[in-house]
Every structure is written in C-alpha cells, then in structure tokens.
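In what follows, a single structure is set out as structure tokens and then discussed.
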Amino acid sequence: MKSKHKLKLVHLYPDLMNLYGDRGNVLCLQQRARWRGIDIEVVPVGVGMKLPEDYDLLFMGGGQDRGQELVADDLFQKGHQIKASIEAGLPALVICGGYQLFGHYFKTSAGKKLPGIGVFNAATDASNRRLIGNVVVRSQRFGKLVGFENHSGLTKLAASLEPLGQVVQGGGNNGEDGVEGALYKNAIGTYLHGSFLPKNPAVADFLISAALARAGYEAVLTELDDSLEKKASELASKRPQ
Ligand code: GLN
C-alpha cells in the first residue's frame, strides 16, 4: 500500500468541451479529495497533445456540435489508449458531447458522422427536437441524481449496456426509452451538466474511491457533511427548466 495520497486527473479538451459549468466537476473532485487529504493534480490534454503514460481519473465535458467536430479526430487517435485504460478500471466521467463521442459515433444535425471511440456500446444521432431542462434520475447505484440537459443528439444504448439510471423527470438519453446515461466498468457517461458532481456527491466519491483503489491506496473515504449538496439537489429537481 502506498502512503502518499496523490492522484492525477486528465481533463480532455478543457478549452473546446466545457458547457454549463462542466469544469465544476473537476473542481468538485479536487475539493472532495482535498477534504480527505488527497491531492488531485489536473493535467489538461488538448488537441495534438499526448496523454500521460499513467493517470488515475479521466474527465471530458460537453460541447456544441462544432466543438465535437474539432476534437473528434484527435480523440479517435487517442481512443485505443483510453479504451485500454477503461477496460483496466480507469474511472472516467464524460458529459453530453463527451459522452456522445465515447459511444460508437455521433451523427450531427448537419449529417456529418463523427467517429466515437466505442467505450460505450451506444450510438447517437442528432434529431430535430432538443431536450432541455432539469433532469431527475433514479440510479440503482447512486440514488437520486439531478442535472441540466440540453441536447438534440439522441443516444441509444445496446441492450447489454447498463444505463446510469431511470428518468423520473426530463428527457435523458433520448426522451423515449426512459433511461439516462451509461455505466461501463468505472466509466460514467451522462447528459447531466450543471455542474453535475457538486449536486451528486455520491458519484464524485465513487470516482475518487475507484481511483484510489486502482492506485493501490486505501479506498474507504471519510464521510463529509453534504447538507448543502443535498439542498442544491432538491432545489434543482424542483425547477423544471
Ligand atoms: N452537440 C450535442 C447535442 O446537442 C451535445 C450538446 C452538449 O454537450 N450539451 O446533442
């Protein structure tokens, strides 16, 4: 067991993929780790930059179709390395436009098919409707989750892929089949912005714990006072838009 508690988080395309407070997820992970005496170093990785050899957490936010077009080829080149890490248990959180590119493809509203890296057995096609508003999800693993969605891409999961949860309010993956997000090994894809993690601390702690366990540290986290986080969640879930 190592004694120094230090983790490295790769933030993919922070300049091009960052909508509705997505960066707040990174700050939340850092702060919740810091409260437990764990240091998370953030490594921004943009187009044309190499992924570090070794890292403990991966995050990618959402973006407009245009932002996705600018990063898709670069992400595709990194896809093999990212997939191998996720197969080996790397915890990852990818939001909306990032989530779409972690599936097999995203076909934009202009009809362009952007390649995905296939971490999730899922595919996304743009539609002529837009799902906008606060979403409430029941997740077997994490309990109640809330966040803000704004997407026209509709994602369909393969039957073998576990969704993040069942939609209680809002659209979720496609507004039709009643599920939101995807969960594969320690990788989570979701449409929820907001920022997502500050209002859903159980997910943040799951990612930190999984990263600690994978790095050979003690993975049981001390409890935190989450009363403010619960209030934020309650408030957001009562606002439809
Ligand atoms: N461009 C994608 C869509 O509208 C993703 C949007 C987002 O990341 N919020 O479906």
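Following the order of the structure tokens, first chain is A, next is B, and so on, with residues numbered from 1 inside each chain and ligands from 1 in the order they appear.
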
Contact check, chain A to ligand 1, at most 6 Å, counting only C-alpha atoms and all ligand atoms, closest pairs as a Markdown table:
```
| residue | atom | partner | partner_atom_place_in_ligand_line | distance |
| --- | --- | --- | --- | --- |
| A:Gly62 | CA | ligand 1 | 8 (O) | 3.5 |
| A:Gly63 | CA | ligand 1 | 8 (O) | 4.0 |
| A:Gln64 | CA | ligand 1 | 1 (N) | 4.0 |
| A:Asp65 | CA | ligand 1 | 1 (N) | 3.9 |
| A:Cys96 | CA | ligand 1 | 8 (O) | 4.1 |
| A:Gly97 | CA | ligand 1 | 8 (O) | 3.6 |
| A:Asn150 | CA | ligand 1 | 9 (N) | 5.0 |
| A:His151 | CA | ligand 1 | 4 (O) | 3.5 |
| A:Ser152 | CA | ligand 1 | 10 (O) | 4.0 |
| A:Gly153 | CA | ligand 1 | 10 (O) | 3.4 |
```

Among region 9-114 of chain A, which residues does DSSP mark as alpha helix (DSSP H) when it is run on the backbone? Keep the chain and numbering as in the structure and answer as a CSV table (one decimal) with N, CA, C and O atoms, in the first residue's frame.
```
chain,number,residue,atom,x,y,z
A,23,ARG,N,-16.6,22.3,-16.0
A,23,ARG,CA,-15.3,22.3,-15.3
A,23,ARG,C,-15.5,22.2,-13.8
A,23,ARG,O,-14.7,21.7,-13.0
A,24,GLY,N,-16.7,22.6,-13.3
A,24,GLY,CA,-17.0,22.4,-11.9
A,24,GLY,C,-16.9,21.0,-11.4
A,24,GLY,O,-16.7,20.7,-10.2
A,25,ASN,N,-17.0,20.0,-12.3
A,25,ASN,CA,-16.9,18.6,-11.9
A,25,ASN,C,-15.4,18.3,-11.5
A,25,ASN,O,-15.2,17.6,-10.5
A,26,VAL,N,-14.5,18.9,-12.2
A,26,VAL,CA,-13.1,18.7,-11.9
A,26,VAL,C,-12.8,19.4,-10.5
A,26,VAL,O,-12.1,18.8,-9.7
A,27,LEU,N,-13.3,20.6,-10.3
A,27,LEU,CA,-13.1,21.3,-9.1
A,27,LEU,C,-13.7,20.6,-7.9
A,27,LEU,O,-13.1,20.5,-6.8
A,28,CYS,N,-14.9,20.0,-8.2
A,28,CYS,CA,-15.6,19.2,-7.1
A,28,CYS,C,-14.7,18.0,-6.7
A,28,CYS,O,-14.5,17.7,-5.6
A,29,LEU,N,-14.2,17.3,-7.7
A,29,LEU,CA,-13.4,16.1,-7.4
A,29,LEU,C,-12.2,16.5,-6.6
A,29,LEU,O,-11.8,15.9,-5.6
A,30,GLN,N,-11.5,17.6,-7.0
A,30,GLN,CA,-10.3,18.1,-6.3
A,30,GLN,C,-10.7,18.5,-4.9
A,30,GLN,O,-10.0,18.1,-4.0
A,31,GLN,N,-11.8,19.2,-4.7
A,31,GLN,CA,-12.1,19.6,-3.3
A,31,GLN,C,-12.5,18.5,-2.4
A,31,GLN,O,-12.1,18.4,-1.3
A,32,ARG,N,-13.4,17.6,-3.0
A,32,ARG,CA,-13.8,16.5,-2.1
A,32,ARG,C,-12.6,15.6,-1.8
A,32,ARG,O,-12.6,15.0,-0.7
A,33,ALA,N,-11.6,15.5,-2.7
A,33,ALA,CA,-10.4,14.7,-2.4
A,33,ALA,C,-9.6,15.5,-1.3
A,33,ALA,O,-9.1,14.9,-0.4
A,34,ARG,N,-9.5,16.8,-1.5
A,34,ARG,CA,-8.6,17.6,-0.6
A,34,ARG,C,-9.2,17.5,0.8
A,34,ARG,O,-8.4,17.4,1.8
A,65,ASP,N,-22.0,20.9,-31.4
A,65,ASP,CA,-21.5,20.0,-32.5
A,65,ASP,C,-20.2,20.5,-33.0
A,65,ASP,O,-19.3,19.7,-33.3
A,66,ARG,N,-20.0,21.8,-33.1
A,66,ARG,CA,-18.8,22.4,-33.7
A,66,ARG,C,-17.6,22.0,-32.9
A,66,ARG,O,-16.6,21.6,-33.4
A,67,GLY,N,-17.7,22.1,-31.6
A,67,GLY,CA,-16.6,21.7,-30.7
A,67,GLY,C,-16.3,20.2,-30.8
A,67,GLY,O,-15.1,19.8,-30.9
A,68,GLN,N,-17.3,19.4,-30.9
A,68,GLN,CA,-17.2,18.0,-31.1
A,68,GLN,C,-16.4,17.7,-32.4
A,68,GLN,O,-15.6,16.8,-32.5
A,69,GLU,N,-16.8,18.5,-33.5
A,69,GLU,CA,-16.1,18.3,-34.8
A,69,GLU,C,-14.6,18.6,-34.7
A,69,GLU,O,-13.8,17.9,-35.3
A,70,LEU,N,-14.3,19.6,-33.8
A,70,LEU,CA,-12.9,20.0,-33.7
A,70,LEU,C,-12.0,18.9,-32.9
A,70,LEU,O,-10.8,18.9,-33.1
A,71,VAL,N,-12.7,18.2,-32.1
A,71,VAL,CA,-11.9,17.2,-31.2
A,71,VAL,C,-12.0,15.8,-31.7
A,71,VAL,O,-11.2,14.9,-31.3
A,72,ALA,N,-13.0,15.5,-32.5
A,72,ALA,CA,-13.4,14.0,-32.7
A,72,ALA,C,-12.2,13.2,-33.3
A,72,ALA,O,-11.9,12.1,-32.8
A,73,ASP,N,-11.5,13.8,-34.3
A,73,ASP,CA,-10.4,13.0,-34.9
A,73,ASP,C,-9.3,12.8,-33.9
A,73,ASP,O,-8.7,11.7,-33.8
A,74,ASP,N,-9.0,13.8,-33.1
A,74,ASP,CA,-7.9,13.7,-32.2
A,74,ASP,C,-8.3,12.7,-31.1
A,74,ASP,O,-7.5,11.8,-30.7
A,75,LEU,N,-9.5,12.7,-30.7
A,75,LEU,CA,-10.0,11.7,-29.6
A,75,LEU,C,-9.9,10.3,-30.2
A,75,LEU,O,-9.5,9.4,-29.5
A,76,PHE,N,-10.3,10.2,-31.5
A,76,PHE,CA,-10.3,8.9,-32.1
A,76,PHE,C,-8.8,8.3,-32.1
A,76,PHE,O,-8.7,7.1,-31.9
A,77,GLN,N,-7.9,9.2,-32.3
A,77,GLN,CA,-6.5,8.7,-32.3
A,77,GLN,C,-6.0,8.3,-30.9
A,77,GLN,O,-5.2,7.4,-30.7
A,78,LYS,N,-6.6,8.9,-29.9
A,78,LYS,CA,-6.3,8.5,-28.5
A,78,LYS,C,-7.2,7.4,-28.0
A,78,LYS,O,-7.0,6.9,-26.9
A,79,GLY,N,-8.2,7.0,-28.9
A,79,GLY,CA,-9.2,6.1,-28.4
A,79,GLY,C,-8.7,4.7,-27.9
A,79,GLY,O,-9.1,4.2,-26.9
A,80,HIS,N,-7.7,4.2,-28.6
A,80,HIS,CA,-7.2,2.9,-28.3
A,80,HIS,C,-6.6,2.9,-26.9
A,80,HIS,O,-6.9,2.0,-26.0
A,81,GLN,N,-5.8,3.9,-26.6
A,81,GLN,CA,-5.2,4.0,-25.3
A,81,GLN,C,-6.2,4.3,-24.2
A,81,GLN,O,-6.2,3.6,-23.1
A,82,ILE,N,-7.2,5.1,-24.5
A,82,ILE,CA,-8.3,5.4,-23.5
A,82,ILE,C,-9.1,4.1,-23.2
A,82,ILE,O,-9.3,3.8,-22.0
A,83,LYS,N,-9.4,3.4,-24.3
A,83,LYS,CA,-10.3,2.2,-24.1
A,83,LYS,C,-9.5,1.2,-23.3
A,83,LYS,O,-10.1,0.5,-22.4
A,84,ALA,N,-8.2,1.0,-23.5
A,84,ALA,CA,-7.5,0.0,-22.8
A,84,ALA,C,-7.4,0.4,-21.3
A,84,ALA,O,-7.6,-0.5,-20.4
A,85,SER,N,-7.3,1.7,-21.0
A,85,SER,CA,-7.3,2.1,-19.6
A,85,SER,C,-8.6,1.9,-18.9
A,85,SER,O,-8.7,1.4,-17.8
A,86,ILE,N,-9.7,2.2,-19.7
A,86,ILE,CA,-11.0,2.0,-19.1
A,86,ILE,C,-11.3,0.5,-18.9
A,86,ILE,O,-11.9,0.1,-17.8
A,87,GLU,N,-10.9,-0.3,-19.8
A,87,GLU,CA,-11.0,-1.8,-19.6
A,87,GLU,C,-10.3,-2.3,-18.4
A,87,GLU,O,-10.7,-3.2,-17.7
A,97,GLY,N,-21.7,16.1,-24.9
A,97,GLY,CA,-20.9,15.9,-26.1
A,97,GLY,C,-19.8,14.9,-26.0
A,97,GLY,O,-19.4,14.2,-26.9
A,98,GLY,N,-19.2,14.9,-24.8
A,98,GLY,CA,-18.1,13.9,-24.5
A,98,GLY,C,-18.7,12.5,-24.4
A,98,GLY,O,-18.1,11.6,-25.0
A,99,TYR,N,-19.8,12.4,-23.8
A,99,TYR,CA,-20.5,11.1,-23.7
A,99,TYR,C,-20.8,10.6,-25.1
A,99,TYR,O,-20.6,9.4,-25.4
A,100,GLN,N,-21.3,11.5,-25.9
A,100,GLN,CA,-21.7,11.0,-27.3
A,100,GLN,C,-20.5,10.5,-28.0
A,100,GLN,O,-20.5,9.5,-28.7
A,101,LEU,N,-19.3,11.1,-27.9
A,101,LEU,CA,-18.1,10.7,-28.6
A,101,LEU,C,-17.4,9.5,-27.9
A,101,LEU,O,-16.5,8.9,-28.5
```

If you measure from CA of Lys107 (chain A) to CA of Gln166 (chain A), what distance in Å do you get, rounded to one decimal?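 Computed distance, CA of Lys107 (chain A) to CA of Gln166 (chain A), equals 24.5 Å.
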
Between CA of Tyr13 (chain A) and CA of Ala110 (chain A) - distance in Å to one decimal: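 That distance, rounded to one decimal, is 22.4 Å.
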
Thr222 (chain A) environment, 10 Å, only C-alpha atoms, sequence neighbours closer than 6 positions dropped, as an MDAnalysis selection string: chainID A and resid 35:36 205

Output C-alpha atoms for every residue in that selection, as an mmCIF file, in the first residue's frame.
```cif
data_model
loop_
_atom_site.group_PDB
_atom_site.id
_atom_site.type_symbol
_atom_site.label_atom_id
_atom_site.label_comp_id
_atom_site.auth_asym_id
_atom_site.auth_seq_id
_atom_site.Cartn_x
_atom_site.Cartn_y
_atom_site.Cartn_z
ATOM 1 C CA TRP A 35 -11.087 17.361 2.309
ATOM 2 C CA ARG A 36 -9.816 13.780 2.724
ATOM 3 C CA ASP A 205 -16.946 9.836 -4.217
#
```

Hey, what's within 9 Å of Leu161 (chain A) if we count only C-alpha atoms and toss same-chain stuff fewer than 3 positions away? As a CSV table (one decimal) with C-alpha atoms, in the first residue's frame, please?
```csv
chain,number,residue,atom,x,y,z
A,120,PHE,CA,-19.8,2.7,-24.6
A,121,ASN,CA,-21.8,0.3,-26.7
A,122,ALA,CA,-24.1,3.1,-27.8
A,157,LEU,CA,-27.7,2.0,-25.7
A,158,ALA,CA,-27.1,-1.6,-26.7
A,182,ALA,CA,-24.4,4.8,-19.3
A,183,LEU,CA,-22.2,2.9,-16.9
A,184,TYR,CA,-19.4,0.6,-18.0
```

Set the distance at 9 Å and use only C-alpha atoms: which residues neighbour region 53-57 of chain A once local chain neighbours fewer than 2 positions away are removed? I'd like the list as a ChimeraX atom specification. /A:7-11,50-51,59,90-93,207-208,210-212,214-215

Could you write those residues out with N, CA, C and O atoms, as a PDB file, in the first residue's frame?
```
ATOM      1  N   LEU A   7      -3.244  11.823  -6.743  1.00  0.00           N
ATOM      2  CA  LEU A   7      -3.860  11.267  -7.947  1.00  0.00           C
ATOM      3  C   LEU A   7      -3.695  12.251  -9.095  1.00  0.00           C
ATOM      4  O   LEU A   7      -3.571  13.455  -8.877  1.00  0.00           O
ATOM      5  N   LYS A   8      -3.730  11.699 -10.306  1.00  0.00           N
ATOM      6  CA  LYS A   8      -3.598  12.548 -11.496  1.00  0.00           C
ATOM      7  C   LYS A   8      -4.882  12.426 -12.321  1.00  0.00           C
ATOM      8  O   LYS A   8      -5.314  11.312 -12.633  1.00  0.00           O
ATOM      9  N   LEU A   9      -5.490  13.571 -12.643  1.00  0.00           N
ATOM     10  CA  LEU A   9      -6.711  13.579 -13.448  1.00  0.00           C
ATOM     11  C   LEU A   9      -6.428  14.202 -14.810  1.00  0.00           C
ATOM     12  O   LEU A   9      -5.889  15.309 -14.883  1.00  0.00           O
ATOM     13  N   VAL A  10      -6.771  13.499 -15.858  1.00  0.00           N
ATOM     14  CA  VAL A  10      -6.664  14.069 -17.210  1.00  0.00           C
ATOM     15  C   VAL A  10      -7.987  14.754 -17.566  1.00  0.00           C
ATOM     16  O   VAL A  10      -9.054  14.136 -17.488  1.00  0.00           O
ATOM     17  N   HIS A  11      -7.898  16.032 -17.898  1.00  0.00           N
ATOM     18  CA  HIS A  11      -9.069  16.787 -18.352  1.00  0.00           C
ATOM     19  C   HIS A  11      -8.931  16.959 -19.861  1.00  0.00           C
ATOM     20  O   HIS A  11      -8.090  17.722 -20.331  1.00  0.00           O
ATOM     21  N   LYS A  50      -0.210  14.765 -26.068  1.00  0.00           N
ATOM     22  CA  LYS A  50      -0.176  13.338 -25.703  1.00  0.00           C
ATOM     23  C   LYS A  50      -0.836  13.112 -24.352  1.00  0.00           C
ATOM     24  O   LYS A  50      -0.735  13.956 -23.457  1.00  0.00           O
ATOM     25  N   LEU A  51      -1.462  11.968 -24.196  1.00  0.00           N
ATOM     26  CA  LEU A  51      -1.958  11.572 -22.880  1.00  0.00           C
ATOM     27  C   LEU A  51      -0.767  11.162 -22.029  1.00  0.00           C
ATOM     28  O   LEU A  51       0.179  10.567 -22.548  1.00  0.00           O
ATOM     29  N   PHE A  59     -11.679  12.989 -17.331  1.00  0.00           N
ATOM     30  CA  PHE A  59     -12.892  13.794 -17.432  1.00  0.00           C
ATOM     31  C   PHE A  59     -12.963  14.484 -18.789  1.00  0.00           C
ATOM     32  O   PHE A  59     -11.964  15.008 -19.286  1.00  0.00           O
ATOM     33  N   LEU A  90      -9.935   2.232 -15.244  1.00  0.00           N
ATOM     34  CA  LEU A  90      -9.787   3.687 -15.067  1.00  0.00           C
ATOM     35  C   LEU A  90     -11.158   4.325 -14.833  1.00  0.00           C
ATOM     36  O   LEU A  90     -12.067   4.135 -15.639  1.00  0.00           O
ATOM     37  N   PRO A  91     -11.329   5.093 -13.746  1.00  0.00           N
ATOM     38  CA  PRO A  91     -12.593   5.804 -13.566  1.00  0.00           C
ATOM     39  C   PRO A  91     -12.668   7.028 -14.473  1.00  0.00           C
ATOM     40  O   PRO A  91     -11.698   7.789 -14.573  1.00  0.00           O
ATOM     41  N   ALA A  92     -13.791   7.194 -15.131  1.00  0.00           N
ATOM     42  CA  ALA A  92     -13.943   8.291 -16.088  1.00  0.00           C
ATOM     43  C   ALA A  92     -15.342   8.868 -15.978  1.00  0.00           C
ATOM     44  O   ALA A  92     -16.310   8.144 -15.698  1.00  0.00           O
ATOM     45  N   LEU A  93     -15.446  10.177 -16.190  1.00  0.00           N
ATOM     46  CA  LEU A  93     -16.751  10.834 -16.282  1.00  0.00           C
ATOM     47  C   LEU A  93     -16.759  11.654 -17.557  1.00  0.00           C
ATOM     48  O   LEU A  93     -15.878  12.502 -17.767  1.00  0.00           O
ATOM     49  N   LEU A 207     -16.014   7.941  -7.959  1.00  0.00           N
ATOM     50  CA  LEU A 207     -14.873   8.112  -8.872  1.00  0.00           C
ATOM     51  C   LEU A 207     -13.562   8.211  -8.083  1.00  0.00           C
ATOM     52  O   LEU A 207     -12.552   7.599  -8.454  1.00  0.00           O
ATOM     53  N   ILE A 208     -13.595   8.964  -6.980  1.00  0.00           N
ATOM     54  CA  ILE A 208     -12.373   9.116  -6.170  1.00  0.00           C
ATOM     55  C   ILE A 208     -11.976   7.763  -5.567  1.00  0.00           C
ATOM     56  O   ILE A 208     -10.810   7.361  -5.600  1.00  0.00           O
ATOM     57  N   ALA A 210     -12.714   4.738  -6.602  1.00  0.00           N
ATOM     58  CA  ALA A 210     -12.240   3.806  -7.631  1.00  0.00           C
ATOM     59  C   ALA A 210     -10.810   4.158  -8.032  1.00  0.00           C
ATOM     60  O   ALA A 210      -9.976   3.268  -8.258  1.00  0.00           O
ATOM     61  N   ALA A 211     -10.518   5.464  -8.101  1.00  0.00           N
ATOM     62  CA  ALA A 211      -9.157   5.896  -8.469  1.00  0.00           C
ATOM     63  C   ALA A 211      -8.166   5.501  -7.376  1.00  0.00           C
ATOM     64  O   ALA A 211      -7.060   5.028  -7.670  1.00  0.00           O
ATOM     65  N   LEU A 212      -8.565   5.668  -6.131  1.00  0.00           N
ATOM     66  CA  LEU A 212      -7.665   5.307  -5.021  1.00  0.00           C
ATOM     67  C   LEU A 212      -7.377   3.805  -5.031  1.00  0.00           C
ATOM     68  O   LEU A 212      -6.233   3.378  -4.902  1.00  0.00           O
ATOM     69  N   ARG A 214      -7.519   1.713  -7.476  1.00  0.00           N
ATOM     70  CA  ARG A 214      -6.706   1.337  -8.638  1.00  0.00           C
ATOM     71  C   ARG A 214      -5.245   1.739  -8.443  1.00  0.00           C
ATOM     72  O   ARG A 214      -4.342   1.071  -8.931  1.00  0.00           O
ATOM     73  N   ALA A 215      -5.025   2.836  -7.690  1.00  0.00           N
ATOM     74  CA  ALA A 215      -3.653   3.304  -7.463  1.00  0.00           C
ATOM     75  C   ALA A 215      -2.999   2.607  -6.269  1.00  0.00           C
ATOM     76  O   ALA A 215      -1.855   2.899  -5.934  1.00  0.00           O
TER      77      ALA A 215
END
```

Among region 33-164 of chain A, which ones does DSSP assign to strand (DSSP E or B) (computed from the backbone)? Answer as a count of residues only. 55

Near Asn134 (chain A), within 9 Å and counting only C-alpha atoms, which residues show up once chain neighbours fewer than 6 positions away are dropped, as a short mmCIF file (atom, residue, chain, number, x, y, z; two decimals) with C-alpha atoms, in the first residue's frame?
```cif
data_model
loop_
_atom_site.label_atom_id
_atom_site.label_comp_id
_atom_site.auth_asym_id
_atom_site.auth_seq_id
_atom_site.Cartn_x
_atom_site.Cartn_y
_atom_site.Cartn_z
CA VAL A 146 -30.08 15.65 -10.83
CA GLY A 147 -28.63 17.82 -13.58
CA PHE A 148 -29.37 20.07 -16.52
CA GLU A 149 -29.65 18.66 -20.04
CA GLN A 169 -38.21 13.90 -14.95
CA GLY A 170 -36.78 15.18 -18.23
CA LEU A 192 -26.28 15.98 -17.00
CA GLY A 194 -24.93 21.79 -14.10
CA ALA A 236 -32.59 21.86 -8.96
CA SER A 237 -35.02 18.95 -9.05
CA LYS A 238 -37.94 21.29 -8.27
CA ARG A 239 -37.10 23.58 -11.21
CA PRO A 240 -38.34 22.16 -14.48
CA GLN A 241 -36.11 24.40 -16.65
#
```

Taking only C-alpha atoms into account, name the residue in A:Gly111, A:Gly189, A:Gly103, A:Gly181 that is nearest to Thr124 (chain A). A:Gly103

Quick one: residues within 8 Å of Arg138 (chain A), only C-alpha atoms counted, chain neighbours fewer than 3 positions away excluded, as a list in words?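 Listed by chain and then number, they are Phe142, Gly143, Lys144, Leu145, Gly165, Gln166, Val167 and Val168 of chain A.
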
Go ahead and write the selection's residues with N, CA, C and O atoms as a CSV table (one decimal), in the first residue's frame.
```
chain,number,residue,atom,x,y,z
A,142,PHE,N,-26.4,4.9,-7.4
A,142,PHE,CA,-26.1,6.2,-6.7
A,142,PHE,C,-27.3,6.9,-6.1
A,142,PHE,O,-27.1,8.0,-5.5
A,143,GLY,N,-28.5,6.4,-6.2
A,143,GLY,CA,-29.7,7.0,-5.6
A,143,GLY,C,-30.2,8.1,-6.6
A,143,GLY,O,-30.0,8.0,-7.8
A,144,LYS,N,-30.7,9.2,-6.0
A,144,LYS,CA,-31.3,10.2,-6.9
A,144,LYS,C,-30.2,11.1,-7.5
A,144,LYS,O,-29.3,11.5,-6.8
A,145,LEU,N,-30.3,11.3,-8.8
A,145,LEU,CA,-29.3,12.2,-9.5
A,145,LEU,C,-30.0,13.3,-10.1
A,145,LEU,O,-31.1,13.1,-10.7
A,165,GLY,N,-29.2,5.4,-15.0
A,165,GLY,CA,-30.4,5.3,-14.2
A,165,GLY,C,-31.6,5.5,-15.0
A,165,GLY,O,-31.6,5.6,-16.2
A,166,GLN,N,-32.8,5.5,-14.3
A,166,GLN,CA,-34.1,5.6,-14.9
A,166,GLN,C,-34.5,7.1,-14.8
A,166,GLN,O,-34.4,7.7,-13.7
A,167,VAL,N,-35.1,7.6,-15.9
A,167,VAL,CA,-35.5,9.0,-15.9
A,167,VAL,C,-36.8,9.2,-15.1
A,167,VAL,O,-37.8,8.5,-15.3
A,168,VAL,N,-36.8,10.1,-14.1
A,168,VAL,CA,-38.0,10.4,-13.4
A,168,VAL,C,-38.6,11.7,-13.9
A,168,VAL,O,-39.8,11.8,-14.0
```

CA of Ile40 (chain A) to CA of Phe102 (chain A), straight-line distance in Å: 23.5 Å
